[in-house]
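Text of the file target.cif, holding mmCIF, C-alpha atoms:
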data_query
#
loop_
_atom_site.label_atom_id
_atom_site.label_comp_id
_atom_site.auth_asym_id
_atom_site.auth_seq_id
_atom_site.Cartn_x
_atom_site.Cartn_y
_atom_site.Cartn_z
CA MET E 1 -27.09 -0.23 -102.50
CA GLU E 2 -26.47 3.49 -102.82
CA GLY E 3 -29.35 5.87 -102.22
CA LEU E 4 -30.05 9.54 -102.67
CA GLN E 5 -29.92 12.09 -99.90
CA LEU E 6 -31.09 15.67 -100.22
CA ILE E 7 -28.34 18.28 -99.99
CA ALA E 8 -29.92 21.61 -100.93
CA THR E 9 -33.05 23.16 -102.43
CA GLY E 10 -34.03 26.21 -104.46
CA GLY E 11 -37.26 27.75 -105.66
CA ALA E 12 -38.72 30.35 -107.98
CA LEU E 13 -42.21 31.80 -108.21
CA PRO E 14 -43.35 33.97 -111.11
CA GLY E 15 -44.25 37.60 -110.75
CA ARG E 16 -48.02 37.66 -111.14
CA LEU E 17 -50.05 36.88 -108.00
CA VAL E 18 -53.62 35.80 -108.75
CA THR E 19 -56.09 35.54 -105.87
CA ASN E 20 -59.45 33.80 -105.82
CA GLU E 21 -61.04 37.23 -105.82
CA ASP E 22 -59.16 38.04 -109.03
CA LEU E 23 -60.55 34.89 -110.66
CA SER E 24 -64.08 35.69 -109.52
CA ARG E 25 -63.95 38.73 -111.80
CA VAL E 26 -63.13 36.52 -114.79
CA VAL E 27 -65.26 33.42 -114.25
CA ASP E 28 -68.33 32.47 -112.21
CA THR E 29 -66.68 31.47 -108.95
CA SER E 30 -65.89 32.82 -105.49
CA ASP E 31 -63.26 32.59 -102.80
CA GLU E 32 -65.60 30.49 -100.64
CA TRP E 33 -66.34 28.06 -103.48
CA ILE E 34 -62.65 27.53 -104.32
CA VAL E 35 -61.36 27.28 -100.74
CA SER E 36 -64.09 24.87 -99.60
CA ARG E 37 -63.40 22.48 -102.48
CA THR E 38 -59.63 22.75 -102.88
CA GLY E 39 -58.00 24.70 -100.04
CA ILE E 40 -56.50 27.09 -102.62
CA ARG E 41 -56.54 30.84 -101.95
CA GLN E 42 -54.03 32.17 -104.47
CA ARG E 43 -51.53 31.11 -107.10
CA HIS E 44 -48.76 32.63 -109.22
CA PHE E 45 -48.84 33.04 -113.01
CA CYS E 46 -45.93 33.77 -115.31
CA THR E 47 -45.52 37.27 -116.66
CA ALA E 48 -44.92 37.81 -120.38
CA ASP E 49 -41.15 37.37 -120.05
CA GLN E 50 -41.29 34.26 -117.84
CA ASN E 51 -41.80 30.60 -118.66
CA ALA E 52 -41.05 27.17 -117.22
CA ALA E 53 -37.41 27.37 -118.33
CA THR E 54 -36.69 30.80 -116.81
CA LEU E 55 -38.20 29.64 -113.52
CA ALA E 56 -36.19 26.41 -113.65
CA ILE E 57 -32.96 28.31 -114.20
CA ASP E 58 -33.61 30.59 -111.21
CA ALA E 59 -34.50 27.69 -108.90
CA ALA E 60 -31.58 25.57 -110.09
CA ARG E 61 -29.06 28.38 -109.66
CA GLN E 62 -30.25 28.88 -106.08
CA ALA E 63 -30.07 25.18 -105.23
CA VAL E 64 -26.55 24.76 -106.61
CA ALA E 65 -25.36 27.88 -104.77
CA ARG E 66 -26.82 26.63 -101.49
CA SER E 67 -25.26 23.20 -101.96
CA GLY E 68 -21.77 24.70 -101.83
CA LEU E 69 -20.87 22.79 -104.98
CA SER E 70 -19.42 24.26 -108.12
CA PRO E 71 -21.29 23.71 -111.41
CA ASP E 72 -18.64 21.28 -112.62
CA GLN E 73 -19.44 18.97 -109.70
CA ILE E 74 -23.00 18.38 -110.96
CA ASP E 75 -22.98 15.01 -112.70
CA CYS E 76 -26.46 15.08 -114.28
CA CYS E 77 -29.41 17.43 -114.69
CA VAL E 78 -32.98 16.12 -114.89
CA CYS E 79 -35.96 18.42 -115.28
CA ALA E 80 -39.57 17.34 -114.75
CA THR E 81 -42.11 19.38 -116.69
CA LEU E 82 -45.09 19.11 -119.02
CA SER E 83 -45.13 22.81 -119.95
CA GLY E 84 -41.67 23.68 -121.25
CA PRO E 85 -41.62 26.63 -123.68
CA CYS E 86 -40.42 24.44 -126.56
CA ALA E 87 -39.86 20.81 -127.42
CA SER E 88 -36.16 21.41 -128.02
CA PRO E 89 -33.90 22.52 -126.50
CA SER E 90 -35.22 20.81 -123.40
CA VAL E 91 -35.56 22.79 -120.20
CA ALA E 92 -32.71 20.74 -118.73
CA CYS E 93 -30.46 21.75 -121.62
CA GLN E 94 -31.40 25.40 -121.10
CA VAL E 95 -30.47 25.02 -117.43
CA GLN E 96 -27.16 23.38 -118.42
CA ARG E 97 -26.26 26.34 -120.60
CA ALA E 98 -27.38 29.02 -118.16
CA LEU E 99 -25.54 27.52 -115.17
CA GLY E 100 -22.47 26.43 -117.10
CA LEU E 101 -22.86 22.77 -116.18
CA PRO E 102 -20.32 20.41 -117.77
CA GLU E 103 -21.05 19.43 -121.36
CA ASP E 104 -20.01 15.80 -120.88
CA ARG E 105 -22.87 15.09 -118.45
CA PRO E 106 -26.48 14.10 -119.27
CA ALA E 107 -29.26 16.71 -119.24
CA LEU E 108 -32.81 15.70 -120.08
CA ASP E 109 -36.49 16.37 -119.39
CA VAL E 110 -39.03 13.84 -118.11
CA ASN E 111 -42.81 14.18 -118.26
CA ALA E 112 -44.74 12.32 -115.60
CA ALA E 113 -46.96 15.34 -114.83
CA CYS E 114 -47.62 15.68 -111.10
CA SER E 115 -45.36 12.70 -110.27
CA GLY E 116 -42.55 14.19 -112.33
CA PHE E 117 -40.18 15.36 -109.61
CA VAL E 118 -40.02 11.95 -107.95
CA TYR E 119 -39.69 10.30 -111.38
CA GLY E 120 -36.87 12.74 -112.12
CA ALA E 121 -35.04 11.94 -108.90
CA THR E 122 -35.16 8.21 -109.59
CA VAL E 123 -33.96 8.77 -113.16
CA ALA E 124 -31.09 10.83 -111.77
CA ARG E 125 -30.19 8.07 -109.35
CA GLY E 126 -30.05 5.61 -112.24
CA LEU E 127 -27.85 7.93 -114.28
CA LEU E 128 -25.41 8.37 -111.42
CA ALA E 129 -25.27 4.64 -110.78
CA THR E 130 -24.83 3.80 -114.46
CA LEU E 131 -22.50 6.54 -115.69
CA GLY E 132 -20.71 7.31 -112.46
CA GLY E 133 -20.96 10.48 -110.43
CA ARG E 134 -22.05 11.73 -107.06
CA TYR E 135 -24.32 14.77 -107.42
CA ALA E 136 -27.55 15.30 -109.36
CA LEU E 137 -29.56 18.43 -110.01
CA VAL E 138 -33.30 17.66 -110.26
CA ILE E 139 -35.87 20.33 -111.09
CA GLY E 140 -39.65 20.44 -111.25
CA CYS E 141 -41.05 23.42 -113.15
CA GLU E 142 -44.35 24.38 -114.75
CA ALA E 143 -46.05 27.25 -116.55
CA LEU E 144 -49.56 25.78 -116.44
CA SER E 145 -51.18 29.17 -116.90
CA ARG E 146 -50.16 28.84 -120.57
CA LEU E 147 -52.27 25.68 -120.86
CA MET E 148 -55.50 26.81 -119.23
CA ASN E 149 -58.89 27.86 -120.50
CA MET E 150 -59.64 30.79 -118.21
CA GLU E 151 -63.37 30.41 -118.92
CA ASN E 152 -63.49 26.90 -117.44
CA ARG E 153 -63.99 27.35 -113.69
CA SER E 154 -63.49 23.65 -112.95
CA THR E 155 -59.82 23.88 -113.96
CA CYS E 156 -58.68 27.51 -114.09
CA VAL E 157 -58.99 27.88 -110.31
CA LEU E 158 -56.74 24.90 -109.61
CA PHE E 159 -53.40 25.47 -111.26
CA GLY E 160 -50.41 27.74 -110.82
CA ASP E 161 -46.86 28.24 -112.07
CA GLY E 162 -43.55 27.77 -110.29
CA ALA E 163 -40.30 25.85 -110.03
CA GLY E 164 -38.39 23.99 -107.35
CA ALA E 165 -34.94 22.43 -107.55
CA ALA E 166 -32.92 20.02 -105.47
CA VAL E 167 -29.33 18.84 -105.36
CA PHE E 168 -29.07 15.17 -104.42
CA GLU E 169 -26.05 13.13 -103.40
CA LEU E 170 -25.65 9.43 -104.17
CA ALA E 171 -24.28 7.93 -100.98
CA PRO E 172 -23.52 4.37 -99.78
CA GLY E 173 -25.92 3.19 -97.12
CA ALA E 174 -28.25 6.17 -97.41
CA VAL E 175 -31.83 5.49 -96.34
CA PHE E 176 -33.73 5.46 -99.63
CA ALA E 177 -36.65 3.82 -101.36
CA ALA E 178 -38.69 4.62 -104.45
CA THR E 179 -41.77 3.31 -106.21
CA LEU E 180 -43.11 4.37 -109.63
CA GLY E 181 -46.18 3.42 -111.61
CA ALA E 182 -48.47 4.41 -114.45
CA ARG E 183 -51.89 3.57 -115.83
CA GLY E 184 -52.66 5.20 -119.14
CA ASP E 185 -55.78 7.31 -118.70
CA ASP E 186 -56.93 10.70 -119.97
CA ALA E 187 -58.78 11.70 -116.79
CA ILE E 188 -56.29 14.58 -116.82
CA ARG E 189 -55.37 15.83 -120.28
CA ALA E 190 -53.27 18.78 -121.44
CA GLY E 191 -52.32 19.88 -124.93
CA GLY E 192 -48.95 21.37 -125.82
CA PRO E 193 -48.48 25.06 -125.01
CA ASN E 194 -47.43 26.20 -128.48
CA LEU E 195 -49.21 23.82 -130.86
CA THR E 196 -52.05 25.07 -133.04
CA GLY E 197 -55.30 23.42 -132.07
CA SER E 198 -54.01 21.84 -128.87
CA SER E 199 -56.50 21.69 -126.07
CA PRO E 200 -56.17 23.33 -122.65
CA ILE E 201 -56.08 21.33 -119.45
CA GLU E 202 -59.16 19.17 -119.02
CA MET E 203 -59.91 16.98 -116.02
CA ASP E 204 -62.49 14.55 -114.68
CA GLY E 205 -62.37 15.73 -111.08
CA LYS E 206 -64.27 12.83 -109.52
CA ALA E 207 -62.16 10.22 -111.32
CA VAL E 208 -58.95 11.98 -110.33
CA PHE E 209 -60.02 12.18 -106.68
CA ARG E 210 -60.78 8.44 -106.59
CA PHE E 211 -57.42 7.70 -108.18
CA ALA E 212 -55.44 10.00 -105.89
CA VAL E 213 -56.86 8.78 -102.58
CA GLY E 214 -55.81 5.27 -103.56
CA ALA E 215 -52.41 6.12 -105.00
CA LEU E 216 -51.18 8.28 -102.11
CA PRO E 217 -51.37 5.71 -99.29
CA ARG E 218 -50.21 2.92 -101.61
CA CYS E 219 -47.02 4.79 -102.50
CA LEU E 220 -46.38 5.79 -98.92
CA ASN E 221 -46.84 2.28 -97.57
CA THR E 222 -44.59 0.82 -100.30
CA VAL E 223 -41.58 2.99 -99.44
CA LEU E 224 -42.15 2.50 -95.72
CA ASP E 225 -42.20 -1.27 -96.16
CA GLU E 226 -39.02 -1.20 -98.25
CA THR E 227 -37.11 0.78 -95.62
CA HIS E 228 -38.68 -1.06 -92.66
CA LEU E 229 -39.81 2.25 -91.20
CA THR E 230 -43.20 3.17 -89.79
CA LEU E 231 -45.23 6.28 -90.45
CA ASP E 232 -44.57 7.35 -86.86
CA GLU E 233 -40.82 7.27 -87.57
CA LEU E 234 -41.11 9.65 -90.52
CA ASP E 235 -40.49 13.32 -89.84
CA TRP E 236 -42.37 14.64 -92.89
CA VAL E 237 -44.64 13.55 -95.71
CA VAL E 238 -44.61 15.92 -98.69
CA CYS E 239 -47.39 15.11 -101.14
CA HIS E 240 -48.18 16.60 -104.51
CA GLN E 241 -50.21 19.69 -103.64
CA ALA E 242 -53.31 19.01 -105.73
CA ASN E 243 -56.16 19.48 -103.29
CA SER E 244 -56.31 19.72 -99.51
CA ARG E 245 -59.26 17.33 -99.40
CA ILE E 246 -57.19 14.55 -101.02
CA ILE E 247 -54.46 14.85 -98.41
CA ASP E 248 -56.93 15.19 -95.52
CA HIS E 249 -58.81 12.09 -96.69
CA CYS E 250 -55.60 10.05 -96.76
CA VAL E 251 -54.45 11.32 -93.37
CA ARG E 252 -57.72 10.11 -91.86
CA HIS E 253 -57.51 6.79 -93.72
CA LEU E 254 -53.94 6.22 -92.46
CA GLY E 255 -54.72 7.37 -88.93
CA ALA E 256 -51.72 9.67 -89.27
CA ASP E 257 -50.65 12.86 -87.55
CA PRO E 258 -51.78 15.65 -89.90
CA ALA E 259 -48.92 17.86 -88.68
CA LYS E 260 -46.49 15.59 -90.57
CA PHE E 261 -48.18 16.30 -93.90
CA TYR E 262 -46.90 19.62 -95.23
CA LYS E 263 -49.43 21.65 -97.21
CA ASN E 264 -48.96 24.86 -99.21
CA MET E 265 -51.59 24.66 -101.95
CA ASP E 266 -53.36 27.59 -100.29
CA ARG E 267 -50.53 29.84 -101.52
CA HIS E 268 -49.56 28.20 -104.82
CA GLY E 269 -52.37 26.02 -106.12
CA ASN E 270 -51.51 22.89 -108.07
CA THR E 271 -48.13 23.39 -109.76
CA SER E 272 -47.86 19.80 -111.02
CA ALA E 273 -44.20 18.69 -111.20
CA ALA E 274 -43.10 21.78 -109.26
CA SER E 275 -45.29 21.22 -106.22
CA ILE E 276 -43.10 18.81 -104.23
CA PRO E 277 -39.77 20.64 -104.76
CA VAL E 278 -41.41 24.02 -104.08
CA ALA E 279 -42.70 22.59 -100.79
CA LEU E 280 -39.30 21.12 -99.89
CA ASN E 281 -37.67 24.47 -100.56
CA GLU E 282 -40.18 26.33 -98.38
CA MET E 283 -39.58 23.85 -95.58
CA ALA E 284 -35.82 24.22 -95.81
CA GLU E 285 -35.97 28.01 -95.95
CA SER E 286 -38.29 28.23 -92.95
CA GLY E 287 -36.25 25.83 -90.82
CA LEU E 288 -38.93 23.14 -90.74
CA LEU E 289 -36.66 20.73 -92.61
CA ILE E 290 -33.70 19.88 -90.40
CA PRO E 291 -30.59 17.86 -91.37
CA GLY E 292 -31.03 14.25 -90.37
CA GLN E 293 -34.78 14.21 -90.82
CA THR E 294 -36.47 11.54 -92.92
CA VAL E 295 -38.94 12.64 -95.59
CA ALA E 296 -41.38 10.78 -97.83
CA CYS E 297 -42.42 12.47 -101.09
CA VAL E 298 -45.52 11.24 -102.91
CA GLY E 299 -46.67 12.36 -106.37
CA PHE E 300 -49.86 11.41 -108.19
CA GLY E 301 -51.63 12.82 -111.21
CA GLY E 302 -51.68 13.12 -114.98
CA GLY E 303 -50.76 10.10 -117.01
CA LEU E 304 -52.11 8.70 -114.83
CA THR E 305 -48.88 8.29 -112.85
CA TRP E 306 -47.86 7.81 -109.26
CA ALA E 307 -44.53 7.91 -107.46
CA GLY E 308 -43.16 7.67 -103.96
CA MET E 309 -39.69 8.32 -102.55
CA LEU E 310 -38.27 8.14 -99.02
CA LEU E 311 -34.93 9.72 -98.18
CA GLN E 312 -33.05 11.77 -95.63
CA TYR E 313 -32.30 15.48 -95.68
CA LYS E 314 -28.56 15.85 -95.19
CA GLY E 315 -28.20 19.57 -95.82
CA ALA E 316 -25.16 21.28 -97.25
CA GLU E 317 -21.74 20.94 -95.69
CA GLN E 318 -21.01 23.88 -93.38
#
Would you mind writing the structure in this file as C-alpha cells?
Amino acid sequence: MEGLQLIATGGALPGRLVTNEDLSRVVDTSDEWIVSRTGIRQRHFCTADQNAATLAIDAARQAVARSGLSPDQIDCCVCATLSGPCASPSVACQVQRALGLPEDRPALDVNAACSGFVYGATVARGLLATLGGRYALVIGCEALSRLMNMENRSTCVLFGDGAGAAVFELAPGAVFAATLGARGDDAIRAGGPNLTGSSPIEMDGKAVFRFAVGALPRCLNTVLDETHLTLDELDWVVCHQANSRIIDHCVRHLGADPAKFYKNMDRHGNTSAASIPVALNEMAESGLLIPGQTVACVGFGGGLTWAGMLLQYKGAEQ
C-alpha cells in the first residue's frame, strides 16, 4: 500500500513575542511558576493584522517553494485548525487562492484540535488515494490568543499562535503507519473566535494530563507495531508540544532515549494543531532532520482526540 513521505516543510510565527515576565504583569503568575509546571518560557501572539489564515499562507508558501514543486503539482490542500478567522471561506480555501493552487483539487479544513496535523495528513493520504494524485499540502495553524481569557492564569500561560506546513508525497512502498481516535469529552473546551457569547479556552488540567500520558505511548506503540519497527530504530519522535512534563513522563514510562523526543514548547507554548509541523520545520531548518530518517508524530488533546503517524523524511529533490 502507498504511504506518505515528507518532502518539505515551512513555518510562520506571528510578530508579537510574549514572555512569562510579560504575563506576570497581567495576571498573578511568574516565570518560575510557569516553567516549573509546563516548560514554557515564551510564546508568540498574532498582531492586529495577523490571523490563522495569514500564518497558514506564509507557512504553506514556504513549504511549496522548498519542495521544488510548482503550485499546479499540489493535488490537495488540507488545513488543521480550530481558530480560523471565519467559518467560510475555510483556511485551506484561502491558502488555495493565495498560492494559486489548481481549482480542480480539494481544499478543506479539519478540526481535531491538537491532533489536527496528523489527522490532516491521513485525510490527505485518503484524498490522494481516492481521487488520484501524488503531492499533498498539509498545514497546521492556530491563533489561540484570540480564544483566551487573559485573566485566567491556568490557561493564558499555556497557549501560543503559529503555523507549520508540510508537503507530502504518496509513494509505493513508503514506510508509513497511522492511528486515529476520539473520545468525546469537554476536558478541553474552546468557543468560536468571532461568535457573540462564545467562551474562551477552558481546561481541566489534571484530566488532560491523565489522558495525555496514556494516549502518547499508545499511539506510538501502535504505529511501531504496524511497521514492525522498535523505538530504538526511530530517529525522532515529535509529540504535540503541550507540556514538557507530559513528554518527560512518557519518556520515563517507555524507557526511551529523551534525546529522540524533540521539544520546543519553551519557545512557542502550546500551539495546538500547529505544534507538530512547527517542530518539524525547525528540525529541518536546523539540520536535525536528515533525509532518510524515520519520524513518529504523536498528537493528543481537545476533542478529546489522539493521533499517531510514522513516516520517513525524504527531503526535496536536489
| Using all atoms listed in the file, which residues sit within 9 Å of Tyr135 in chain E once same-chain residues fewer than 2 positions away are excluded, as a ChimeraX atom specification? | /E:73-76,124,128,133,137,167-170
| Taking into account only C-alpha atoms, which residue in the set E:Val237, E:Arg105, E:Val213, E:Thr155 is nearest to Gly132 in chain E? |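 With only C-alpha atoms as the atom set, the closest residue is E:Arg105.
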| field | Shortest interatomic distance to Arg61 in chain E - which of E:Thr9, E:Ser145, E:Ser286, E:Ser115, counting only C-alpha atoms | value |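 Once distances to Arg61 in chain E are computed over only C-alpha atoms, the minimum belongs to E:Thr9.
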| message | Restricting the calculation to only C-alpha atoms: of E:Gly140, E:Gly191, E:Gly299, E:Gly181, which residue gets closest to Ala212 in chain E? | response | E:Gly299
| query | Written as a VMD selection string, what is the full residue list that the PyMOL selection byres ((chain E and resi 240) around 7) yields on the file shown? | reply | chain E and resid 114 238 to 239 241 to 242 275 to 276 298 to 300
| message | Between CA of Arg66 in chain E and CA of Ala316 in chain E, what is the distance in Å, rounded to a tenth? | response |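 Interatomic distance, CA of Arg66 in chain E to CA of Ala316 in chain E: 7.0 Å.
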| Atomic separation - CA of Tyr313 in chain E relative to CA of Val223 in chain E, Å | 16.0 Å
| query | Leaving out range 48-59 of chain E and any residue of its chain fewer than 5 positions from it, which residues lie within 10 Å of it when counting only C-alpha atoms, given as a PyMOL selection string? | reply | chain E and resi 9-16+64+79-86+90-99+138-146+161-166+274+277-278+281
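We find CA of Leu101 in chain E and CA of Asp72 in chain E to be spaced 5.7 Å apart.
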| Top pick for closest residue to Val123 in chain E, considering E:Ala182, E:Cys156, E:Ala107, E:Met1 and counting all atoms listed in the file | E:Ala107
Show me, as lines of an AutoDock Vina configuration file, the centre and edge lengths in Å to one decimal of the axis-aligned box that covers every listed atom of range 248-252 of chain E with 4 Å on each side.
center_x = -56.6
center_y = 12.6
center_z = -94.3
size_x = 12.4
size_y = 13.1
size_z = 12.9
| query | Taking (-42.2, 6.1, -92.0) in the file's coordinates as the center, which residues reach within 12 Å of it, counting all atoms listed in the file, put as JSON, numbers by chain? | reply | {"E": [175, 176, 177, 217, 219, 220, 221, 222, 223, 224, 225, 226, 227, 228, 229, 230, 231, 232, 233, 234, 235, 236, 237, 254, 256, 257, 260, 261, 293, 294, 295, 296, 297, 309, 310, 311, 312]}
Please save C-alpha atoms of the selected residues as a PDB file, in the coordinates of the input.
ATOM      1  CA  VAL E 175     -31.830   5.490 -96.340  1.00  0.00           C
ATOM      2  CA  PHE E 176     -33.730   5.460 -99.630  1.00  0.00           C
ATOM      3  CA  ALA E 177     -36.650   3.820-101.360  1.00  0.00           C
ATOM      4  CA  PRO E 217     -51.370   5.710 -99.290  1.00  0.00           C
ATOM      5  CA  CYS E 219     -47.020   4.790-102.500  1.00  0.00           C
ATOM      6  CA  LEU E 220     -46.380   5.790 -98.920  1.00  0.00           C
ATOM      7  CA  ASN E 221     -46.840   2.280 -97.570  1.00  0.00           C
ATOM      8  CA  THR E 222     -44.590   0.820-100.300  1.00  0.00           C
ATOM      9  CA  VAL E 223     -41.580   2.990 -99.440  1.00  0.00           C
ATOM     10  CA  LEU E 224     -42.150   2.500 -95.720  1.00  0.00           C
ATOM     11  CA  ASP E 225     -42.200  -1.270 -96.160  1.00  0.00           C
ATOM     12  CA  GLU E 226     -39.020  -1.200 -98.250  1.00  0.00           C
ATOM     13  CA  THR E 227     -37.110   0.780 -95.620  1.00  0.00           C
ATOM     14  CA  HIS E 228     -38.680  -1.060 -92.660  1.00  0.00           C
ATOM     15  CA  LEU E 229     -39.810   2.250 -91.200  1.00  0.00           C
ATOM     16  CA  THR E 230     -43.200   3.170 -89.790  1.00  0.00           C
ATOM     17  CA  LEU E 231     -45.230   6.280 -90.450  1.00  0.00           C
ATOM     18  CA  ASP E 232     -44.570   7.350 -86.860  1.00  0.00           C
ATOM     19  CA  GLU E 233     -40.820   7.270 -87.570  1.00  0.00           C
ATOM     20  CA  LEU E 234     -41.110   9.650 -90.520  1.00  0.00           C
ATOM     21  CA  ASP E 235     -40.490  13.320 -89.840  1.00  0.00           C
ATOM     22  CA  TRP E 236     -42.370  14.640 -92.890  1.00  0.00           C
ATOM     23  CA  VAL E 237     -44.640  13.550 -95.710  1.00  0.00           C
ATOM     24  CA  LEU E 254     -53.940   6.220 -92.460  1.00  0.00           C
ATOM     25  CA  ALA E 256     -51.720   9.670 -89.270  1.00  0.00           C
ATOM     26  CA  ASP E 257     -50.650  12.860 -87.550  1.00  0.00           C
ATOM     27  CA  LYS E 260     -46.490  15.590 -90.570  1.00  0.00           C
ATOM     28  CA  PHE E 261     -48.180  16.300 -93.900  1.00  0.00           C
ATOM     29  CA  GLN E 293     -34.780  14.210 -90.820  1.00  0.00           C
ATOM     30  CA  THR E 294     -36.470  11.540 -92.920  1.00  0.00           C
ATOM     31  CA  VAL E 295     -38.940  12.640 -95.590  1.00  0.00           C
ATOM     32  CA  ALA E 296     -41.380  10.780 -97.830  1.00  0.00           C
ATOM     33  CA  CYS E 297     -42.420  12.470-101.090  1.00  0.00           C
ATOM     34  CA  MET E 309     -39.690   8.320-102.550  1.00  0.00           C
ATOM     35  CA  LEU E 310     -38.270   8.140 -99.020  1.00  0.00           C
ATOM     36  CA  LEU E 311     -34.930   9.720 -98.180  1.00  0.00           C
ATOM     37  CA  GLN E 312     -33.050  11.770 -95.630  1.00  0.00           C
TER      38      GLN E 312
END
| Residues within 10 Å of (-43.2, 22.8, -92.0), file coords, all atoms listed in the file, listed as an NGL selection string | :E and (236 or 238 or 259-264 or 279-280 or 282-289)
| task | Return the single residue from E:Ala174, E:Cys77, E:Ile290, E:Leu158 that is closest to Ile40 in chain E, with distances computed using all atoms listed in the file. | result |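 Smallest distance to Ile40 in chain E is found for E:Leu158.
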Name every residue that the PyMOL selection byres ((chain E and resi 43) around 7) selects in this structure, writing the answer as a PDB file with C-alpha atoms, keeping the file's coordinate frame with chains first and numbers rising.
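Final file, expr.pdb:
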ATOM      1  CA  LEU E  17     -50.050  36.880-108.000  1.00  0.00           C
ATOM      2  CA  VAL E  18     -53.620  35.800-108.750  1.00  0.00           C
ATOM      3  CA  THR E  19     -56.090  35.540-105.870  1.00  0.00           C
ATOM      4  CA  GLN E  42     -54.030  32.170-104.470  1.00  0.00           C
ATOM      5  CA  HIS E  44     -48.760  32.630-109.220  1.00  0.00           C
ATOM      6  CA  PHE E  45     -48.840  33.040-113.010  1.00  0.00           C
ATOM      7  CA  GLY E 160     -50.410  27.740-110.820  1.00  0.00           C
ATOM      8  CA  ARG E 267     -50.530  29.840-101.520  1.00  0.00           C
ATOM      9  CA  HIS E 268     -49.560  28.200-104.820  1.00  0.00           C
ATOM     10  CA  GLY E 269     -52.370  26.020-106.120  1.00  0.00           C
TER      11      GLY E 269
END
| said: Given only C-alpha atoms as the basis, pick out the residue of E:Trp306, E:Gly184, E:Arg25, E:Gly315 nearest to Gly214 in chain E. | reply: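 Closest to Gly214 in chain E of all the choices is E:Trp306.
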| task | Quick one: apply the PyMOL selection byres ((chain E and resi 149) around 12) to the file and drop the selected residues here as a list in words. | result |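 In the shown coordinates, the PyMOL selection byres ((chain E and resi 149) around 12) covers Val26, Val27, Leu144, Ser145, Arg146, Leu147, Met148, Met150, Glu151, Asn152, Arg153, Ser154, Thr155, Cys156, Val157, Leu158, Phe159, Ala190, Gly191, Pro193, Ser198, Ser199, Pro200, Ile201, Glu202 and Met203 of chain E.
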| query | Near Asn243 in chain E, counting only C-alpha atoms, which residues have an atom at most 8 Å away, once you skip same-chain residues fewer than 2 positions from it, shown as a ChimeraX atom specification? | reply | /E:37-40,241,245-247,265,270
